[in-house]
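Source file: entry_17.txt. Holds: compact mmCIF, C-alpha atoms.
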# COMPACT_ATOMS: atom_id res chain seq x y z
CA MET A 1 17.89 -15.21 -2.91
CA THR A 2 16.30 -16.81 -5.97
CA GLU A 3 18.08 -16.40 -9.23
CA ALA A 4 16.39 -13.86 -11.42
CA ARG A 5 15.63 -14.83 -14.95
CA THR A 6 16.00 -12.10 -17.45
CA GLN A 7 13.56 -12.37 -20.26
CA VAL A 8 14.28 -10.19 -23.20
CA ARG A 9 11.59 -9.68 -25.73
CA THR A 10 12.33 -7.45 -28.69
CA PRO A 11 9.50 -5.21 -29.83
CA ALA A 12 7.39 -6.48 -32.72
CA ARG A 13 7.90 -4.43 -35.90
CA PRO A 14 4.76 -2.80 -37.30
CA ALA A 15 3.39 -4.27 -40.49
CA PRO A 16 4.35 -2.30 -43.63
CA GLN A 17 1.60 0.02 -44.80
CA PRO A 18 0.19 -0.45 -48.33
CA PRO A 19 0.63 2.50 -50.75
CA ALA A 20 -2.23 4.97 -50.69
CA ASP A 21 -2.67 5.07 -54.50
CA ARG A 22 -1.24 3.77 -57.77
CA ARG A 23 1.16 6.59 -58.50
CA PRO A 24 4.81 5.60 -58.76
CA ALA A 25 6.06 5.10 -55.26
CA GLU A 26 8.09 7.96 -53.85
CA PRO A 27 11.32 7.14 -52.15
CA ARG A 28 10.53 5.85 -48.69
CA ARG A 29 11.19 8.26 -45.95
CA ARG A 30 13.24 7.03 -43.13
CA PRO A 31 10.81 6.47 -40.26
CA ASP A 32 11.39 8.50 -37.16
CA PRO A 33 13.28 6.39 -34.69
CA ASN A 34 11.45 5.87 -31.49
CA PRO A 35 13.40 7.98 -29.04
CA SER A 36 12.55 5.66 -26.22
CA ARG A 37 14.00 2.19 -26.34
CA ILE A 38 12.40 -0.75 -24.77
CA ALA A 39 14.99 -3.19 -23.57
CA ILE A 40 13.26 -5.70 -21.43
CA GLY A 41 9.89 -7.20 -20.95
CA MET A 42 7.75 -5.15 -23.35
CA THR A 43 4.39 -6.59 -24.18
CA GLY A 44 3.49 -6.80 -27.82
CA VAL A 45 -0.20 -7.00 -27.34
CA ALA A 46 -2.41 -3.94 -27.36
CA VAL A 47 -4.14 -3.61 -24.04
CA ALA A 48 -6.23 -0.91 -22.56
CA SER A 49 -4.45 -0.57 -19.25
CA ALA A 50 -0.86 0.54 -18.66
CA ILE A 51 1.67 -0.91 -16.32
CA ALA A 52 4.74 1.03 -15.32
CA ALA A 53 7.25 -0.66 -13.02
CA ALA A 54 10.72 0.03 -11.79
CA VAL A 55 12.87 -2.34 -9.82
CA LEU A 56 15.11 -0.97 -7.15
CA ALA A 57 17.36 -3.87 -6.43
CA PRO A 58 18.63 -4.05 -2.86
CA GLN A 59 21.83 -5.69 -4.03
CA GLY A 60 23.77 -5.92 -7.23
CA THR A 61 22.96 -4.01 -10.36
CA ALA A 62 19.67 -3.51 -12.04
CA ALA A 63 18.90 -3.07 -15.70
CA VAL A 64 16.67 -0.12 -16.33
CA ALA A 65 14.64 0.29 -19.47
CA GLN A 66 12.96 3.42 -20.70
CA THR A 67 9.29 3.51 -21.44
CA SER A 68 7.95 4.00 -24.90
CA THR A 69 5.64 6.82 -25.73
CA PRO A 70 2.00 5.87 -25.90
CA ALA A 71 0.80 4.97 -29.35
CA VAL A 72 -2.75 5.30 -30.52
CA GLN A 73 -4.17 2.44 -32.51
CA GLY A 74 -7.68 3.12 -33.57
CA ALA A 75 -9.84 3.49 -30.49
CA ALA A 76 -7.42 1.79 -28.10
CA GLN A 77 -4.46 3.51 -26.52
CA VAL A 78 -1.47 1.32 -26.14
CA ARG A 79 1.26 1.71 -23.59
CA HIS A 80 4.08 -0.69 -23.70
CA VAL A 81 4.96 -2.43 -20.50
CA VAL A 82 8.44 -1.89 -19.26
CA LYS A 83 9.84 -4.10 -16.62
CA TYR A 84 13.10 -3.63 -14.87
CA VAL A 85 14.84 -6.76 -13.73
CA GLN A 86 17.67 -7.39 -11.39
CA LEU A 87 20.86 -8.73 -12.88
CA GLN A 88 22.73 -11.30 -10.92
CA PRO A 89 26.51 -11.08 -10.63
CA GLY A 90 28.07 -12.25 -13.88
CA GLN A 91 25.05 -11.42 -15.99
CA THR A 92 25.18 -8.64 -18.55
CA ALA A 93 22.48 -6.25 -19.49
CA PRO A 94 20.81 -6.62 -22.89
CA PRO A 95 21.85 -4.24 -25.67
CA GLN A 96 20.38 -0.75 -25.39
CA ALA A 97 19.55 -1.26 -21.75
CA VAL A 98 20.52 1.42 -19.27
CA VAL A 99 22.20 -0.10 -16.27
CA GLN A 100 21.59 1.70 -13.01
CA GLN A 101 23.48 0.95 -9.86
CA ALA A 102 21.03 -0.14 -7.21
CA PRO A 103 21.25 1.42 -3.77
CA ALA A 104 22.75 -0.70 -1.05
CA PRO A 105 20.45 -1.99 1.71
CA THR A 106 19.88 0.60 4.37
CA PRO A 107 20.69 -0.37 7.95
CA ARG A 108 17.89 0.62 10.28
CA VAL A 109 18.63 4.16 11.43
CA VAL A 110 15.25 5.77 11.21
CA VAL A 111 12.94 6.12 14.16
CA VAL A 112 9.86 4.77 12.43
CA ALA A 113 9.44 1.96 9.95
CA THR A 114 6.31 0.80 8.25
CA ARG A 115 6.04 -2.99 8.41
CA GLN A 116 3.64 -5.87 8.31
CA SER A 117 1.48 -5.93 11.44
CA GLY A 118 2.42 -8.12 14.34
CA LEU A 119 6.16 -7.65 14.10
CA PRO A 120 7.95 -6.76 17.36
CA MET B 1 -10.33 11.11 0.02
CA SER B 2 -7.80 13.34 1.66
CA ALA B 3 -5.54 15.26 -0.64
CA LEU B 4 -1.88 14.43 -0.64
CA ALA B 5 0.48 17.31 -0.03
CA ALA B 6 2.75 18.42 -2.82
CA ALA B 7 5.95 16.55 -3.31
CA PRO B 8 9.01 18.04 -1.63
CA SER B 9 10.52 20.85 -3.65
CA SER B 10 14.17 21.04 -4.50
CA ALA B 11 14.62 24.06 -2.19
CA PRO B 12 16.54 23.30 0.99
CA VAL B 13 14.36 22.67 4.01
CA PRO B 14 15.40 24.53 7.17
CA THR B 15 16.63 22.24 9.92
CA ARG B 16 14.80 22.01 13.20
CA PRO B 17 15.89 20.84 16.63
CA ASP B 18 16.22 17.08 16.80
CA ALA B 19 14.37 16.89 20.12
CA LEU B 20 11.87 14.09 19.82
CA VAL B 21 9.20 12.89 22.21
CA SER B 22 8.08 9.30 21.81
CA ALA B 23 5.75 6.98 23.62
CA GLY B 24 4.86 3.40 22.82
CA ALA B 25 2.77 0.47 23.93
CA ARG B 26 1.86 -3.05 22.94
CA LEU B 27 -1.59 -2.74 21.42
CA MET B 28 -3.62 -4.44 18.69
CA GLY B 29 -1.31 -7.42 18.75
CA GLY B 30 1.71 -5.35 17.87
CA ARG B 31 3.71 -2.24 18.64
CA VAL B 32 2.05 1.18 18.61
CA ALA B 33 3.99 4.40 19.00
CA VAL B 34 3.50 8.14 18.92
CA HIS B 35 6.42 10.39 17.92
CA LEU B 36 6.29 14.16 18.28
CA ARG B 37 8.68 16.95 17.50
CA PRO B 38 7.41 19.68 19.81
CA GLU B 39 7.90 23.40 19.76
CA ALA B 40 10.81 24.67 21.81
CA GLY B 41 9.99 24.41 25.49
CA ALA B 42 6.93 22.23 24.92
CA ALA B 43 8.44 18.83 25.58
CA GLY B 44 6.35 18.29 28.71
CA LEU B 45 3.15 19.02 26.82
CA ALA B 46 4.26 16.65 24.07
CA GLU B 47 4.87 13.87 26.57
CA ARG B 48 1.41 14.29 28.04
CA ASP B 49 -0.18 14.39 24.57
CA ALA B 50 1.66 11.26 23.46
CA ALA B 51 0.54 9.35 26.54
CA ARG B 52 -3.02 10.58 26.20
CA VAL B 53 -3.21 9.57 22.55
CA LEU B 54 -1.86 6.13 23.33
CA ARG B 55 -4.66 5.66 25.85
CA ARG B 56 -7.21 6.73 23.22
CA ILE B 57 -5.74 4.26 20.75
CA GLY B 58 -6.08 1.55 23.35
CA ALA B 59 -9.73 2.46 23.91
CA TRP B 60 -10.51 2.39 20.18
CA ALA B 61 -8.71 -0.90 19.78
CA ASP B 62 -10.73 -2.39 22.64
CA ARG B 63 -13.96 -1.49 20.82
CA LEU B 64 -12.82 -2.75 17.42
CA SER B 65 -10.95 -5.95 18.21
CA ARG B 66 -12.50 -9.25 17.16
CA PHE B 67 -10.29 -10.99 19.74
CA ALA B 68 -11.89 -9.28 22.73
CA PRO B 69 -15.26 -10.90 23.57
CA ALA B 70 -16.60 -7.68 25.08
CA SER B 71 -15.64 -5.43 22.17
CA ASP B 72 -18.31 -3.70 20.12
CA LEU B 73 -17.22 -5.73 17.10
CA SER B 74 -17.43 -9.07 18.89
CA ARG B 75 -20.86 -8.19 20.24
CA LEU B 76 -22.02 -7.31 16.73
CA ASN B 77 -20.73 -10.59 15.33
CA ALA B 78 -22.36 -12.57 18.13
CA ASP B 79 -25.72 -10.83 17.89
CA PRO B 80 -28.36 -13.08 16.30
CA ARG B 81 -30.59 -10.23 15.21
CA ALA B 82 -30.69 -9.13 11.59
CA ALA B 83 -30.52 -5.45 12.58
CA VAL B 84 -28.01 -4.52 15.28
CA PRO B 85 -27.34 -1.05 16.69
CA VAL B 86 -23.66 -0.18 17.03
CA ARG B 87 -21.90 2.68 18.79
CA PRO B 88 -20.28 5.65 17.02
CA THR B 89 -16.69 4.39 16.84
CA LEU B 90 -17.60 1.11 15.20
CA ALA B 91 -20.16 2.85 13.02
CA THR B 92 -17.50 5.25 11.71
CA VAL B 93 -15.03 2.47 11.00
CA LEU B 94 -17.69 0.43 9.22
CA ASP B 95 -18.51 3.50 7.17
CA TRP B 96 -14.87 3.72 6.19
CA GLY B 97 -14.90 0.00 5.41
CA ARG B 98 -17.74 0.57 2.96
CA ALA B 99 -15.80 3.38 1.32
CA ALA B 100 -12.68 1.23 1.05
CA GLU B 101 -14.71 -1.56 -0.49
CA ALA B 102 -16.00 0.87 -3.09
CA PHE B 103 -12.69 2.40 -4.15
CA THR B 104 -10.88 -0.96 -4.21
CA ASP B 105 -13.68 -2.50 -6.28
CA GLY B 106 -14.50 -4.98 -3.56
CA VAL B 107 -10.98 -6.25 -2.85
CA VAL B 108 -11.14 -4.80 0.67
CA ASP B 109 -14.19 -6.42 2.18
CA VAL B 110 -14.92 -6.35 5.90
CA ALA B 111 -17.59 -9.10 5.62
CA LEU B 112 -15.11 -11.96 5.32
CA LEU B 113 -14.74 -13.08 8.92
CA ASP B 114 -16.00 -16.60 8.17
CA ALA B 115 -13.52 -17.00 5.34
CA ARG B 116 -10.75 -15.76 7.60
CA LEU B 117 -11.70 -18.22 10.32
CA ALA B 118 -11.88 -21.01 7.77
CA ALA B 119 -8.37 -20.17 6.60
CA GLU B 120 -7.23 -20.36 10.19
CA GLY B 121 -8.88 -23.75 10.49
CA ILE B 122 -11.39 -22.52 13.04
CA ALA B 123 -14.55 -22.92 10.96
CA ALA B 124 -15.55 -25.11 8.06
CA ALA B 125 -14.50 -23.81 4.68
CA VAL B 126 -17.12 -21.47 3.30
CA PRO B 127 -17.68 -20.63 -0.34
CA VAL B 128 -18.08 -17.05 -1.47
CA ALA B 129 -21.73 -16.46 -0.70
CA ALA B 130 -24.03 -14.23 -2.67
CA SER B 131 -25.60 -13.08 0.55
CA ARG B 132 -22.60 -11.24 1.95
CA THR B 133 -24.43 -7.98 1.50
CA TRP B 134 -24.89 -5.80 4.51
CA SER B 135 -25.96 -2.22 5.10
CA LEU B 136 -25.14 0.56 7.50
CA ASP B 137 -27.88 2.94 8.51
CA ARG B 138 -26.23 5.94 10.18
CA ARG B 139 -28.06 7.61 13.04
CA SER B 140 -27.34 10.73 15.03
CA ARG B 141 -25.14 8.63 17.25
CA GLY B 142 -23.95 5.29 15.97
CA ALA B 143 -25.69 3.24 13.34
CA VAL B 144 -27.76 0.15 12.69
CA VAL B 145 -26.06 -2.71 10.88
CA ARG B 146 -28.31 -4.94 8.80
CA ARG B 147 -26.83 -8.20 7.60
CA PRO B 148 -27.74 -11.86 7.17
CA THR B 149 -27.54 -13.72 10.45
CA GLY B 150 -24.12 -15.28 10.80
CA LEU B 151 -22.33 -12.86 8.47
CA GLY B 152 -19.22 -11.84 10.41
CA ILE B 153 -17.28 -8.60 10.21
CA ASP B 154 -13.48 -8.48 10.30
CA LEU B 155 -11.80 -5.06 10.26
CA ASP B 156 -8.43 -6.24 8.96
CA GLY B 157 -7.19 -3.80 6.34
CA VAL B 158 -9.46 -1.06 7.66
CA ALA B 159 -9.12 -0.37 11.37
CA LYS B 160 -5.46 0.32 12.05
CA GLY B 161 -5.07 2.98 9.42
CA TRP B 162 -8.26 4.60 10.61
CA ILE B 163 -6.96 4.56 14.18
CA ALA B 164 -3.63 6.09 13.11
CA ASP B 165 -5.36 8.92 11.25
CA ARG B 166 -7.78 9.55 14.10
CA ALA B 167 -4.95 9.69 16.61
CA LEU B 168 -2.96 12.03 14.39
CA GLY B 169 -5.88 14.43 14.48
CA LEU B 170 -5.41 14.82 18.22
CA LEU B 171 -1.81 16.03 17.84
CA GLY B 172 -2.28 19.13 15.74
CA ARG B 173 -0.44 21.54 18.02
CA HIS B 174 2.96 19.93 17.42
CA PRO B 175 5.06 20.78 14.34
CA ALA B 176 5.62 17.15 13.50
CA ALA B 177 3.57 14.18 14.59
CA VAL B 178 3.79 10.54 13.61
CA VAL B 179 1.44 7.79 14.75
CA ASP B 180 2.65 4.28 14.11
CA ALA B 181 -0.28 1.89 14.52
CA ASP B 182 1.52 -1.43 14.25
CA GLY B 183 3.09 -0.52 10.94
CA ASP B 184 0.34 1.68 9.52
CA VAL B 185 1.82 5.13 9.85
CA ALA B 186 0.08 8.52 9.79
CA VAL B 187 2.29 11.60 9.44
CA ARG B 188 1.62 15.31 9.70
CA LEU B 189 4.41 17.81 9.08
CA ALA B 190 4.32 21.57 9.48
CA PRO B 191 6.13 23.68 6.87
CA GLY B 192 9.86 23.17 7.22
CA GLU B 193 9.58 19.75 8.82
CA ARG B 194 10.86 16.51 7.36
CA TRP B 195 10.70 12.92 8.52
CA SER B 196 12.24 9.63 7.41
CA ILE B 197 10.14 6.46 7.44
CA GLY B 198 11.79 3.14 6.78
CA VAL B 199 10.19 0.19 5.04
CA ALA B 200 11.05 -2.91 7.00
CA ASP B 201 12.69 -5.74 5.09
CA PRO B 202 10.70 -8.90 5.86
CA ARG B 203 13.80 -10.97 5.10
CA ASP B 204 16.04 -9.23 7.63
CA ALA B 205 14.78 -7.46 10.76
CA ALA B 206 17.85 -5.20 10.87
CA LEU B 207 17.40 -3.79 7.40
CA ASP B 208 15.03 -1.61 5.48
CA VAL B 209 14.32 -2.17 1.81
CA ALA B 210 13.87 1.57 1.38
CA VAL B 211 13.51 4.83 3.29
CA PHE B 212 10.87 7.40 2.48
CA GLU B 213 11.85 11.04 2.97
CA LEU B 214 8.70 13.00 3.71
CA ALA B 215 8.87 16.77 3.95
CA CYS B 216 6.72 19.87 3.94
CA PRO B 217 8.50 22.79 2.29
CA ASP B 218 8.28 26.23 3.86
CA GLY B 219 5.42 28.35 2.65
CA ARG B 220 3.08 25.40 2.18
CA MET B 221 0.21 24.23 4.34
CA ALA B 222 0.93 21.35 6.66
CA ALA B 223 1.44 18.09 4.81
CA ARG B 224 -0.23 14.82 5.67
CA PHE B 225 0.92 11.38 4.61
CA GLY B 226 0.01 7.79 5.21
CA LEU B 227 2.32 4.81 4.81
CA ALA B 228 1.14 1.26 5.27
CA THR B 229 2.57 -2.17 4.65
CA SER B 230 0.80 -5.46 4.13
CA GLY B 231 2.18 -8.86 3.36
CA THR B 232 2.07 -12.60 3.69
CA SER B 233 5.32 -13.39 5.42
CA VAL B 234 4.30 -12.64 9.03
CA HIS B 235 0.77 -13.97 9.42
CA ARG B 236 1.17 -17.30 7.70
CA TRP B 237 0.68 -20.84 8.91
CA VAL B 238 0.29 -24.40 7.74
CA HIS B 239 -3.11 -26.05 7.89
CA ASP B 240 -3.69 -29.54 6.52
CA GLY B 241 -0.34 -29.35 4.78
CA ASP B 242 -1.39 -26.15 3.02
CA VAL B 243 0.50 -22.88 3.55
CA ARG B 244 -2.03 -20.16 4.27
CA HIS B 245 -2.00 -16.50 5.18
CA HIS B 246 -4.46 -13.97 6.50
CA LEU B 247 -5.29 -11.96 3.38
CA ILE B 248 -8.55 -13.30 2.00
CA ASP B 249 -9.40 -12.80 -1.65
CA SER B 250 -13.05 -11.73 -1.70
CA ARG B 251 -13.42 -13.29 -5.16
CA THR B 252 -12.60 -16.80 -3.92
CA GLY B 253 -13.18 -16.68 -0.17
CA ARG B 254 -9.69 -18.11 0.34
CA PRO B 255 -6.22 -16.74 1.05
CA ALA B 256 -5.11 -14.82 -2.00
CA ARG B 257 -2.83 -16.60 -4.44
CA THR B 258 -0.25 -13.92 -5.01
CA ASP B 259 3.37 -13.32 -5.92
CA VAL B 260 3.58 -10.41 -3.49
CA VAL B 261 5.45 -11.00 -0.27
CA GLN B 262 5.08 -7.43 0.94
CA ALA B 263 3.56 -4.22 -0.34
CA THR B 264 4.00 -0.68 0.95
CA VAL B 265 1.84 2.20 -0.23
CA LEU B 266 2.23 5.96 0.29
CA ALA B 267 -1.02 7.90 0.18
CA GLY B 268 -2.63 10.97 1.69
CA SER B 269 -3.79 9.13 4.78
CA ALA B 270 -2.90 5.98 6.68
CA ARG B 271 -6.31 4.43 6.10
CA GLU B 272 -6.07 4.88 2.34
CA ALA B 273 -2.53 3.48 2.35
CA GLU B 274 -3.67 0.51 4.41
CA ALA B 275 -6.51 -0.35 2.05
CA TRP B 276 -4.26 -0.08 -1.00
CA ALA B 277 -1.47 -2.10 0.58
CA LYS B 278 -3.85 -4.94 1.32
CA THR B 279 -5.32 -4.66 -2.17
CA THR B 280 -1.86 -4.87 -3.69
CA VAL B 281 -1.04 -8.13 -1.99
CA ILE B 282 -4.35 -9.71 -2.92
CA LEU B 283 -4.24 -8.65 -6.57
CA GLY B 284 -0.63 -9.68 -7.21
CA SER B 285 2.14 -7.47 -8.51
CA GLN B 286 1.13 -6.94 -12.12
CA GLU B 287 -2.56 -6.26 -11.60
CA ALA B 288 -1.75 -4.15 -8.56
CA LEU B 289 0.64 -1.92 -10.47
CA ARG B 290 -2.10 -1.25 -13.00
CA THR B 291 -4.62 -0.58 -10.27
CA LEU B 292 -2.38 1.67 -8.19
CA ASP B 293 -1.57 3.98 -11.07
CA ARG B 294 -4.18 6.54 -10.06
CA PRO B 295 -4.57 9.84 -8.19
CA GLY B 296 -4.39 9.45 -4.45
CA VAL B 297 -1.61 6.86 -4.54
CA ALA B 298 1.70 8.70 -4.31
CA GLY B 299 3.91 5.66 -4.39
CA ALA B 300 4.14 1.94 -3.91
CA LEU B 301 6.88 -0.61 -3.29
CA ILE B 302 6.20 -4.27 -3.96
CA LEU B 303 8.51 -7.08 -2.90
CA THR B 304 7.76 -10.24 -4.83
CA GLU B 305 8.50 -13.88 -4.12
CA ARG B 306 11.16 -13.65 -6.83
CA ASP B 307 13.02 -11.08 -4.72
CA GLU B 308 12.15 -8.32 -7.14
CA LEU B 309 11.43 -4.92 -5.68
CA LEU B 310 8.95 -3.21 -7.97
CA ALA B 311 7.84 0.37 -7.65
CA LEU B 312 5.52 2.82 -9.27
CA PRO B 313 7.76 5.41 -10.95
CA SER B 314 6.10 8.12 -8.85
CA THR B 315 7.63 6.48 -5.78
CA LEU B 316 11.16 7.47 -6.67
CA ARG B 317 10.75 11.15 -5.74
CA TRP B 318 9.91 10.15 -2.16
CA LEU B 319 12.83 7.82 -1.54
CA ALA B 320 16.01 8.75 0.27
For the file at hand, write its structure as structure tokens.
Amino acid sequence: MTEARTQVRTPARPAPQPPADRRPAEPRRRPDPNPSRIAIGMTGVAVASAIAAAVLAPQGTAAVAQTSTPAVQGAAQVRHVVKYVQLQPGQTAPPQAVVQQAPAPTPRVVVVATRQSGLP
Amino acid sequence: MSALAAAPSSAPVPTRPDALVSAGARLMGGRVAVHLRPEAGAAGLAERDAARVLRRIGAWADRLSRFAPASDLSRLNADPRAAVPVRPTLATVLDWGRAAEAFTDGVVDVALLDARLAAEGIAAAVPVAASRTWSLDRRSRGAVVRRPTGLGIDLDGVAKGWIADRALGLLGRHPAAVVDADGDVAVRLAPGERWSIGVADPRDAALDVAVFELACPDGRMAARFGLATSGTSVHRWVHDGDVRHHLIDSRTGRPARTDVVQATVLAGSAREAEAWAKTTVILGSQEALRTLDRPGVAGALILTERDELLALPSTLRWLA
């Protein structure tokens, strides 16, 4: 099995917004924390299409990240990509990642299995 | 497209007798099987139905195979005329091929026989030609196919799912029926029935990468499902030092360059699942996940060359 490489990209922070007028600035309100954390593999570029993926690792543990809520930027709707990756033994999940135990491989017990054509 | 039945509810599903009637045969270059769970006392009827449906599958396969010189498909491909009449079975499958081409935005394309043969080293390499257009003029029985002379039709990614669905339609009197057309699986379950379908692991013949639990809760109409798997790890070969496989990218006319080793799709019918599974392999994992996120695709599992198993989130509700 090839060794998985875990790429961790932290989300880009939004640019600070300029004040709306010249009145003395009011104390900044604490921005609402994004309830959904993105741990691994989030794209920082606004794209029109959305990708949602989950990895169910046949062996070992898998790091599971939560999706962000869609954000609207002008006319384009942005959905952040979340990718789940498989951790190899000895690796640790990035901070804020939710680690989910992957199911063990299932020995063939079912009567029917879908498969690539031509297999015996 | 056929509608997919509602996802299994959390209510317990009544158990049914485990009696199962199965019949199988070597057809279409692989293993074909019919599995029935009959009503009590109807096992004999189920055995006769299973055998009868297998014979029908064999007859359809004989008409649609490009490997049989006398098949309707081979005769079409060998016919030098620009307009060729074809019989109803082939006409219906070609009609489905056109529909699959439309909803996969051209990824599934039955007019790629020359490219397929070139990949197999049988014919000279052919570029993607602008004149791969063809038309199907349906008649009361059969159709007329109009295409440039020499344009060949290959029903890979189209025929087996169609055959599985068609065969399933002949088994309506049994509470549960499963037609396995060499890995493209059509399932119909009466209310209260459930069925487990494994997804073969291409890396180990004794294992499954996942098991789908399909069920029809009581009080609902019968549920229909289709599960199909496509991939590059079985039909692959080396030609001129180049590793090739059988899934042709219509955009290049060559075997798709993809990170997908195997893709399995759950949809409302086997033919839809087959078309989407093939599309997934050709597009590659990332583009496929974007493309599959649509109504009509209930779930998808993608095994990549990096040994990642990716899934649409909607898949999780169907897995054991």
Next on the checklist: Tell me as a PyMOL selection string which residues belonging to chain B come within 8 Å of chain A, counting all atoms listed in the file.
Outcome noted: chain B and resi 29-31+180+182-185+196-202+206-211+227-231+234-235+262+264+286+289-290+293+306-313
Next on the checklist: Please compute the CA of Ala256 in chain B-CA of Thr280 in chain B distance, one decimal, in Å.
Outcome noted: 10.6 Å
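With CA of Leu319 in chain B on one side and CA of Gly268 in chain B on the other, the separation reads 16.1 Å.
Atom pair CA of Glu274 in chain B / CA of Leu301 in chain B: separated by 13.1 Å.
Among B:Ala181, B:Ile153, B:Leu136, B:Ala19, the residue with the shortest atom-to-atom distance to Leu64 in chain B, counting all atoms listed in the file, is B:Ile153.
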Item to check | Nearest candidate to Ile57 in chain B (options B:Ala40, B:Val243, B:Met28, B:Leu117; using only C-alpha atoms) | outcome: B:Met28
Starting from the sparse input, extend range 193-207 of chain B to N, CA and C atoms and give the output as a PDB file, keeping the file's coordinate frame.
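Contents of the output file part-v7.pdb:
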ATOM      1  N   GLU B 193       9.287  21.018   8.157  1.00  0.00           N
ATOM      2  CA  GLU B 193       9.580  19.750   8.820  1.00  0.00           C
ATOM      3  C   GLU B 193       9.854  18.652   7.794  1.00  0.00           C
ATOM      4  N   ARG B 194      10.655  17.698   8.170  1.00  0.00           N
ATOM      5  CA  ARG B 194      10.860  16.510   7.360  1.00  0.00           C
ATOM      6  C   ARG B 194      10.990  15.295   8.273  1.00  0.00           C
ATOM      7  N   TRP B 195      10.673  14.143   7.717  1.00  0.00           N
ATOM      8  CA  TRP B 195      10.700  12.920   8.520  1.00  0.00           C
ATOM      9  C   TRP B 195      11.057  11.753   7.625  1.00  0.00           C
ATOM     10  N   SER B 196      11.859  10.831   8.142  1.00  0.00           N
ATOM     11  CA  SER B 196      12.240   9.630   7.410  1.00  0.00           C
ATOM     12  C   SER B 196      11.462   8.436   7.953  1.00  0.00           C
ATOM     13  N   ILE B 197      10.872   7.667   7.054  1.00  0.00           N
ATOM     14  CA  ILE B 197      10.140   6.460   7.440  1.00  0.00           C
ATOM     15  C   ILE B 197      10.754   5.294   6.689  1.00  0.00           C
ATOM     16  N   GLY B 198      11.221   4.306   7.424  1.00  0.00           N
ATOM     17  CA  GLY B 198      11.790   3.140   6.780  1.00  0.00           C
ATOM     18  C   GLY B 198      10.710   2.167   6.349  1.00  0.00           C
ATOM     19  N   VAL B 199      11.054   1.296   5.437  1.00  0.00           N
ATOM     20  CA  VAL B 199      10.190   0.190   5.040  1.00  0.00           C
ATOM     21  C   VAL B 199      10.907  -1.078   5.448  1.00  0.00           C
ATOM     22  N   ALA B 200      10.363  -1.754   6.445  1.00  0.00           N
ATOM     23  CA  ALA B 200      11.050  -2.910   7.000  1.00  0.00           C
ATOM     24  C   ALA B 200      11.225  -3.994   5.937  1.00  0.00           C
ATOM     25  N   ASP B 201      12.402  -4.623   5.987  1.00  0.00           N
ATOM     26  CA  ASP B 201      12.690  -5.740   5.090  1.00  0.00           C
ATOM     27  C   ASP B 201      12.193  -7.014   5.762  1.00  0.00           C
ATOM     28  N   PRO B 202      11.226  -7.708   5.178  1.00  0.00           N
ATOM     29  CA  PRO B 202      10.700  -8.900   5.860  1.00  0.00           C
ATOM     30  C   PRO B 202      11.723 -10.031   5.914  1.00  0.00           C
ATOM     31  N   ARG B 203      12.794  -9.909   5.139  1.00  0.00           N
ATOM     32  CA  ARG B 203      13.800 -10.970   5.100  1.00  0.00           C
ATOM     33  C   ARG B 203      14.896 -10.760   6.132  1.00  0.00           C
ATOM     34  N   ASP B 204      14.980  -9.524   6.664  1.00  0.00           N
ATOM     35  CA  ASP B 204      16.040  -9.230   7.630  1.00  0.00           C
ATOM     36  C   ASP B 204      15.553  -8.104   8.546  1.00  0.00           C
ATOM     37  N   ALA B 205      15.361  -8.432   9.821  1.00  0.00           N
ATOM     38  CA  ALA B 205      14.780  -7.460  10.760  1.00  0.00           C
ATOM     39  C   ALA B 205      15.656  -6.242  10.957  1.00  0.00           C
ATOM     40  N   ALA B 206      16.940  -6.327  10.641  1.00  0.00           N
ATOM     41  CA  ALA B 206      17.850  -5.200  10.870  1.00  0.00           C
ATOM     42  C   ALA B 206      17.928  -4.256   9.689  1.00  0.00           C
ATOM     43  N   LEU B 207      17.265  -4.591   8.621  1.00  0.00           N
ATOM     44  CA  LEU B 207      17.400  -3.790   7.400  1.00  0.00           C
ATOM     45  C   LEU B 207      16.066  -3.206   6.963  1.00  0.00           C
TER      46      LEU B 207
END
